[in-house]
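Chemist: Pasting a structure here, questions to come.
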Amino acid sequence: MTRSLALYDAAVARLARLGGSAVEIDYAPFRECARLLYGGPWVAERLAAIEDFAAAHAGEMDPTVREIVEGARGVHRGRRLSRCL
């Protein structure tokens, strides 16, 4: 069992002890939203807004933010936002 699964199971058990009950949901819409926000044209648009700053100050950026924003470097400027429209 992975650590995250063990933590999840512990949280569900705690919820039950507190009188709650877990309800299954369809996670697919959340995954799709994350794909668009962190891997789609919206993040490419953010890169375009801060591209010069990111190039000059990459080491000063939060590592997670830098990784997400720099993931858009492979998308051609002219097609960044148009891919979603």
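All residue names refer to the structure tokens as shown: chains lettered A, B, ... in order, residues numbered from 1 in each chain, ligands numbered from 1 in order.
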Run DSSP on the backbone and grab whatever in chain A lands in alpha helix (DSSP H); send it over as a PyMOL selection string.

Modeler: chain A and resi 3-17+28-39+41-57+63-70

Chemist: Restricting the output to C-alpha atoms, write the selected residues as a PDB file, in the first residue's frame.

Modeler:
```pdb
ATOM      1  CA  ARG A   3       1.652   6.168   1.630  1.00  0.00           C
ATOM      2  CA  SER A   4      -0.970   8.266  -0.146  1.00  0.00           C
ATOM      3  CA  LEU A   5      -3.429   5.361  -0.197  1.00  0.00           C
ATOM      4  CA  ALA A   6      -2.832   4.728   3.506  1.00  0.00           C
ATOM      5  CA  LEU A   7      -3.437   8.407   4.273  1.00  0.00           C
ATOM      6  CA  TYR A   8      -6.607   8.366   2.185  1.00  0.00           C
ATOM      7  CA  ASP A   9      -7.901   5.264   3.967  1.00  0.00           C
ATOM      8  CA  ALA A  10      -7.111   6.857   7.336  1.00  0.00           C
ATOM      9  CA  ALA A  11      -9.015  10.001   6.353  1.00  0.00           C
ATOM     10  CA  VAL A  12     -12.064   7.978   5.262  1.00  0.00           C
ATOM     11  CA  ALA A  13     -11.947   6.025   8.526  1.00  0.00           C
ATOM     12  CA  ARG A  14     -11.743   9.272  10.519  1.00  0.00           C
ATOM     13  CA  LEU A  15     -14.674  10.674   8.567  1.00  0.00           C
ATOM     14  CA  ALA A  16     -16.721   7.596   9.519  1.00  0.00           C
ATOM     15  CA  ARG A  17     -15.718   7.915  13.202  1.00  0.00           C
ATOM     16  CA  ALA A  28     -12.897  12.883 -14.609  1.00  0.00           C
ATOM     17  CA  PRO A  29     -14.148  16.512 -14.869  1.00  0.00           C
ATOM     18  CA  PHE A  30     -11.570  17.599 -12.295  1.00  0.00           C
ATOM     19  CA  ARG A  31      -8.784  15.776 -14.152  1.00  0.00           C
ATOM     20  CA  GLU A  32      -9.844  17.409 -17.431  1.00  0.00           C
ATOM     21  CA  CYS A  33      -9.903  20.830 -15.794  1.00  0.00           C
ATOM     22  CA  ALA A  34      -6.392  20.270 -14.418  1.00  0.00           C
ATOM     23  CA  ARG A  35      -5.199  19.162 -17.869  1.00  0.00           C
ATOM     24  CA  LEU A  36      -6.489  22.398 -19.364  1.00  0.00           C
ATOM     25  CA  LEU A  37      -5.167  24.610 -16.584  1.00  0.00           C
ATOM     26  CA  TYR A  38      -1.721  23.058 -16.252  1.00  0.00           C
ATOM     27  CA  GLY A  39      -1.037  21.600 -19.668  1.00  0.00           C
ATOM     28  CA  PRO A  41      -3.237  26.882 -23.830  1.00  0.00           C
ATOM     29  CA  TRP A  42      -4.047  28.763 -20.632  1.00  0.00           C
ATOM     30  CA  VAL A  43      -0.654  28.001 -19.120  1.00  0.00           C
ATOM     31  CA  ALA A  44       0.945  28.880 -22.448  1.00  0.00           C
ATOM     32  CA  GLU A  45      -0.780  32.246 -22.269  1.00  0.00           C
ATOM     33  CA  ARG A  46       0.668  32.734 -18.773  1.00  0.00           C
ATOM     34  CA  LEU A  47       4.128  31.898 -20.103  1.00  0.00           C
ATOM     35  CA  ALA A  48       3.733  34.507 -22.836  1.00  0.00           C
ATOM     36  CA  ALA A  49       2.926  37.109 -20.174  1.00  0.00           C
ATOM     37  CA  ILE A  50       6.036  36.372 -18.080  1.00  0.00           C
ATOM     38  CA  GLU A  51       8.413  34.807 -20.600  1.00  0.00           C
ATOM     39  CA  ASP A  52      11.167  37.409 -20.248  1.00  0.00           C
ATOM     40  CA  PHE A  53      10.941  37.346 -16.451  1.00  0.00           C
ATOM     41  CA  ALA A  54      10.957  33.531 -16.384  1.00  0.00           C
ATOM     42  CA  ALA A  55      14.062  33.434 -18.588  1.00  0.00           C
ATOM     43  CA  ALA A  56      15.916  35.972 -16.449  1.00  0.00           C
ATOM     44  CA  HIS A  57      14.771  34.768 -13.009  1.00  0.00           C
ATOM     45  CA  PRO A  63       9.896  25.368  -8.538  1.00  0.00           C
ATOM     46  CA  THR A  64       6.369  24.008  -9.022  1.00  0.00           C
ATOM     47  CA  VAL A  65       5.161  27.172 -10.760  1.00  0.00           C
ATOM     48  CA  ARG A  66       8.295  27.270 -12.918  1.00  0.00           C
ATOM     49  CA  GLU A  67       7.808  23.651 -14.005  1.00  0.00           C
ATOM     50  CA  ILE A  68       4.162  24.239 -14.917  1.00  0.00           C
ATOM     51  CA  VAL A  69       4.807  27.467 -16.822  1.00  0.00           C
ATOM     52  CA  GLU A  70       7.900  26.183 -18.619  1.00  0.00           C
TER      53      GLU A  70
END
```

Chemist: If you measure from CA of Gly71 (chain A) to CA of Ala58 (chain A), what distance in Å do you get, rounded to one decimal?

Modeler: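 Rounded to one decimal, the two atoms are 13.0 Å apart.
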
Chemist: Could you check how far CA of Gly74 (chain A) sits from CA of Glu60 (chain A), in Å to one decimal?

Modeler: 21.8 Å
